[in-house]
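Novice: Supplied structure: query-v6.cif, mmCIF, C-alpha atoms.
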```
data_data
loop_
_atom_site.group_PDB
_atom_site.id
_atom_site.type_symbol
_atom_site.label_atom_id
_atom_site.label_comp_id
_atom_site.auth_asym_id
_atom_site.auth_seq_id
_atom_site.Cartn_x
_atom_site.Cartn_y
_atom_site.Cartn_z
ATOM 1 C CA MET A 1 88.035 105.745 145.831
ATOM 2 C CA THR A 2 89.875 107.111 148.830
ATOM 3 C CA GLU A 3 92.526 105.329 150.863
ATOM 4 C CA ALA A 4 90.053 105.009 153.751
ATOM 5 C CA ASP A 5 87.557 103.333 151.418
ATOM 6 C CA THR A 6 90.040 100.690 150.328
ATOM 7 C CA SER A 7 90.238 99.480 153.912
ATOM 8 C CA LEU A 8 86.467 98.962 154.081
ATOM 9 C CA GLY A 9 85.270 95.410 153.772
ATOM 10 C CA TYR A 10 82.428 94.580 151.432
ATOM 11 C CA GLU A 11 79.871 94.246 154.201
ATOM 12 C CA GLN A 12 80.905 97.549 155.793
ATOM 13 C CA ALA A 13 80.671 99.403 152.489
ATOM 14 C CA ARG A 14 77.341 97.765 151.642
ATOM 15 C CA ASP A 15 75.849 98.615 155.038
ATOM 16 C CA GLU A 16 76.983 102.233 154.817
ATOM 17 C CA LEU A 17 75.644 102.430 151.261
ATOM 18 C CA ILE A 18 72.268 101.146 152.450
ATOM 19 C CA GLU A 19 72.225 103.875 155.102
ATOM 20 C CA VAL A 20 73.131 106.547 152.540
ATOM 21 C CA VAL A 21 70.316 105.407 150.252
ATOM 22 C CA ARG A 22 67.881 105.363 153.171
ATOM 23 C CA LYS A 23 68.781 108.967 154.047
ATOM 24 C CA LEU A 24 68.434 110.100 150.441
ATOM 25 C CA GLU A 25 65.077 108.373 150.041
ATOM 26 C CA ALA A 26 63.791 109.857 153.296
ATOM 27 C CA GLY A 27 64.448 113.352 151.984
ATOM 28 C CA GLY A 28 64.527 116.383 154.226
ATOM 29 C CA THR A 29 68.175 117.155 153.510
ATOM 30 C CA SER A 30 69.541 120.277 151.892
ATOM 31 C CA LEU A 31 70.881 120.222 148.373
ATOM 32 C CA GLU A 32 74.452 120.299 149.687
ATOM 33 C CA GLU A 33 73.781 117.413 152.074
ATOM 34 C CA SER A 34 72.067 115.432 149.332
ATOM 35 C CA LEU A 35 75.004 115.958 146.974
ATOM 36 C CA ALA A 36 77.474 114.904 149.659
ATOM 37 C CA LEU A 37 75.417 111.787 150.376
ATOM 38 C CA TRP A 38 75.180 110.971 146.669
ATOM 39 C CA GLU A 39 78.947 111.364 146.246
ATOM 40 C CA ARG A 40 79.564 109.118 149.247
ATOM 41 C CA GLY A 41 77.131 106.595 147.823
ATOM 42 C CA GLU A 42 79.057 106.558 144.548
ATOM 43 C CA GLU A 43 82.315 105.948 146.430
ATOM 44 C CA LEU A 44 80.761 103.124 148.445
ATOM 45 C CA ALA A 45 79.270 101.558 145.326
ATOM 46 C CA GLN A 46 82.757 101.574 143.774
ATOM 47 C CA VAL A 47 84.160 99.815 146.858
ATOM 48 C CA CYS A 48 81.436 97.171 146.575
ATOM 49 C CA ARG A 49 82.123 96.730 142.841
ATOM 50 C CA HIS A 50 85.837 96.341 143.592
ATOM 51 C CA TRP A 51 85.157 93.566 146.117
ATOM 52 C CA LEU A 52 82.644 91.818 143.853
ATOM 53 C CA GLU A 53 84.988 91.954 140.848
ATOM 54 C CA GLY A 54 87.755 90.479 143.000
ATOM 55 C CA ALA A 55 85.445 87.717 144.197
ATOM 56 C CA ARG A 56 84.394 86.972 140.606
ATOM 57 C CA ALA A 57 88.033 86.767 139.498
ATOM 58 C CA ARG A 58 88.830 84.348 142.338
ATOM 59 C CA LEU A 59 85.832 82.175 141.442
ATOM 60 C CA ASP A 60 86.754 82.177 137.759
ATOM 61 C CA SER A 61 90.320 81.202 138.632
ATOM 62 C CA ALA A 62 89.191 78.397 140.931
ATOM 63 C CA LEU A 63 86.770 77.055 138.315
ATOM 64 C CA ALA A 64 89.442 77.177 135.606
ATOM 65 C CA ALA A 65 91.887 75.308 137.848
ATOM 66 C CA ARG A 66 89.239 72.701 138.644
ATOM 67 C CA GLU A 67 88.424 72.242 134.959
ATOM 68 C CA ALA A 68 92.118 71.953 134.093
ATOM 69 C CA ALA A 69 92.599 69.347 136.814
ATOM 70 C CA ALA A 70 89.558 67.404 135.639
ATOM 71 C CA GLY A 71 90.834 67.546 132.053
ATOM 72 C CA GLY A 72 94.220 66.217 133.145
ATOM 73 C CA GLN A 73 92.617 63.329 135.031
ATOM 74 C CA GLU A 74 90.513 62.345 132.025
ATOM 75 C CA ALA A 75 93.531 62.483 129.714
ATOM 76 C CA GLY A 76 95.351 60.098 132.072
ATOM 77 C CA ARG A 77 92.479 57.601 131.962
ATOM 78 C CA GLY A 78 92.679 57.241 128.196
ATOM 79 C CA GLU A 79 96.161 55.727 128.283
#
```
Would you mind writing the structure in this file as structure tokens?
Specialist:
Amino acid sequence: MTEADTSLGYEQARDELIEVVRKLEAGGTSLEESLALWERGEELAQVCRHWLEGARARLDSALAAREAAAGGQEAGRGE
């Protein structure tokens, strides 16, 4: 992933990836152009994975905190 890619938001990377896939599926490009598009698609997919993994980690953390808080409240009720 390049430094420029790390500044892309998820939606930007996803939209560009969709465009890359569209161009590849349409065909009509040279082998060199196709390879360059494929490489760019791989980079964009990595950016999307990075954002999704970060979102998953944040969700997991929030759920764990909520469960811990709920467990602490229930422990307090038993006294």
Novice: Can you work out the spacing between atom CA of A:Leu24 and atom CA of A:Glu39 in Å, to one decimal?
Specialist: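 So the two atoms, atom CA of A:Leu24 and atom CA of A:Glu39, lie 11.4 Å apart.
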Novice: Just the number, please: distance in Å from atom CA of A:Arg40 to atom CA of A:Arg14, one decimal.
Specialist: 11.8 Å
Novice: Can you list, as a PyMOL selection string, every protein, DNA or RNA residue that comes within 10 Å of A:Ala36 when you count only C-alpha atoms, leaving out same-chain residues fewer than 6 positions away?
Specialist: chain A and resi 20+30+42
Novice: To verify the selection step, state as a list in words which residues the PyMOL selection byres ((chain A and resi 49) around 12) yields on this input.
Specialist: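 Taken on the displayed file, the PyMOL selection byres ((chain A and resi 49) around 12) yields the residues Met1, Thr6, Gly9, Tyr10, Glu11, Ala13, Arg14, Glu42, Glu43, Leu44, Ala45, Gln46, Val47, Cys48, His50, Trp51, Leu52, Glu53, Gly54, Ala55 and Arg56 of chain A.
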Novice: Between atom CA of A:Leu31 and atom CA of A:Leu8, measure the distance and give it in Å to one decimal.
Specialist: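 Going from atom CA of A:Leu31 over to atom CA of A:Leu8, I get 27.0 Å.
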Novice: Between A:Leu63, A:Glu19, A:Gln12, A:Ala70, which one has atoms that come closest to A:Gly41, using all atoms listed in the file?
Specialist: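 Counting all atoms listed in the file, the residue closest to A:Gly41 is A:Glu19.
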Novice: Could you complete stretch 26-37 of chain A so that it carries all heavy atoms, and give it back as a tab-separated table (two decimals), in the coordinates of the input?
Specialist:
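What landed in rebuild_12.tsv:
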```tsv
chain	number	residue	atom	x	y	z
A	26	ALA	N	64.61	109.22	152.27
A	26	ALA	CA	63.79	109.86	153.30
A	26	ALA	C	63.59	111.34	153.01
A	26	ALA	O	62.58	111.93	153.40
A	26	ALA	CB	64.43	109.66	154.67
A	27	GLY	N	64.55	111.94	152.30
A	27	GLY	CA	64.45	113.35	151.98
A	27	GLY	C	64.72	114.21	153.21
A	27	GLY	O	65.23	113.74	154.23
A	28	GLY	N	64.35	115.48	153.11
A	28	GLY	CA	64.53	116.38	154.23
A	28	GLY	C	65.94	116.91	154.39
A	28	GLY	O	66.25	117.54	155.39
A	29	THR	N	66.81	116.64	153.43
A	29	THR	CA	68.18	117.16	153.51
A	29	THR	C	68.33	118.30	152.52
A	29	THR	O	67.60	118.40	151.53
A	29	THR	CB	69.22	116.06	153.18
A	29	THR	OG1	68.95	115.54	151.88
A	29	THR	CG2	69.17	114.93	154.19
A	30	SER	N	69.28	119.16	152.80
A	30	SER	CA	69.54	120.28	151.89
A	30	SER	C	70.18	119.74	150.61
A	30	SER	O	70.62	118.58	150.55
A	30	SER	CB	70.48	121.28	152.56
A	30	SER	OG	71.78	120.72	152.69
A	31	LEU	N	70.24	120.60	149.63
A	31	LEU	CA	70.88	120.22	148.37
A	31	LEU	C	72.33	119.83	148.60
A	31	LEU	O	72.80	118.81	148.08
A	31	LEU	CB	70.80	121.37	147.36
A	31	LEU	CG	71.47	121.13	146.02
A	31	LEU	CD1	70.86	119.92	145.32
A	31	LEU	CD2	71.37	122.37	145.15
A	32	GLU	N	73.05	120.61	149.39
A	32	GLU	CA	74.45	120.30	149.69
A	32	GLU	C	74.59	118.95	150.38
A	32	GLU	O	75.46	118.15	150.04
A	32	GLU	CB	75.08	121.40	150.55
A	32	GLU	CG	75.49	122.62	149.78
A	32	GLU	CD	76.55	122.33	148.72
A	32	GLU	OE1	77.55	121.63	149.02
A	32	GLU	OE2	76.38	122.79	147.59
A	33	GLU	N	73.73	118.70	151.37
A	33	GLU	CA	73.78	117.41	152.07
A	33	GLU	C	73.45	116.26	151.14
A	33	GLU	O	74.09	115.21	151.18
A	33	GLU	CB	72.81	117.42	153.26
A	33	GLU	CG	73.21	118.34	154.38
A	33	GLU	CD	72.11	118.52	155.42
A	33	GLU	OE1	70.92	118.49	155.05
A	33	GLU	OE2	72.46	118.68	156.61
A	34	SER	N	72.45	116.47	150.29
A	34	SER	CA	72.07	115.43	149.33
A	34	SER	C	73.20	115.12	148.37
A	34	SER	O	73.47	113.96	148.06
A	34	SER	CB	70.82	115.86	148.55
A	34	SER	OG	69.71	115.95	149.40
A	35	LEU	N	73.87	116.17	147.88
A	35	LEU	CA	75.00	115.96	146.97
A	35	LEU	C	76.14	115.22	147.67
A	35	LEU	O	76.75	114.32	147.08
A	35	LEU	CB	75.50	117.29	146.41
A	35	LEU	CG	74.62	117.92	145.35
A	35	LEU	CD1	75.11	119.32	145.01
A	35	LEU	CD2	74.56	117.06	144.11
A	36	ALA	N	76.42	115.58	148.91
A	36	ALA	CA	77.47	114.90	149.66
A	36	ALA	C	77.11	113.44	149.88
A	36	ALA	O	77.97	112.55	149.75
A	36	ALA	CB	77.71	115.60	150.99
A	37	LEU	N	75.85	113.17	150.20
A	37	LEU	CA	75.42	111.79	150.38
A	37	LEU	C	75.53	111.01	149.06
A	37	LEU	O	75.98	109.87	149.04
A	37	LEU	CB	73.97	111.74	150.89
A	37	LEU	CG	73.76	112.08	152.36
A	37	LEU	CD1	72.27	112.27	152.65
A	37	LEU	CD2	74.34	110.99	153.25
```
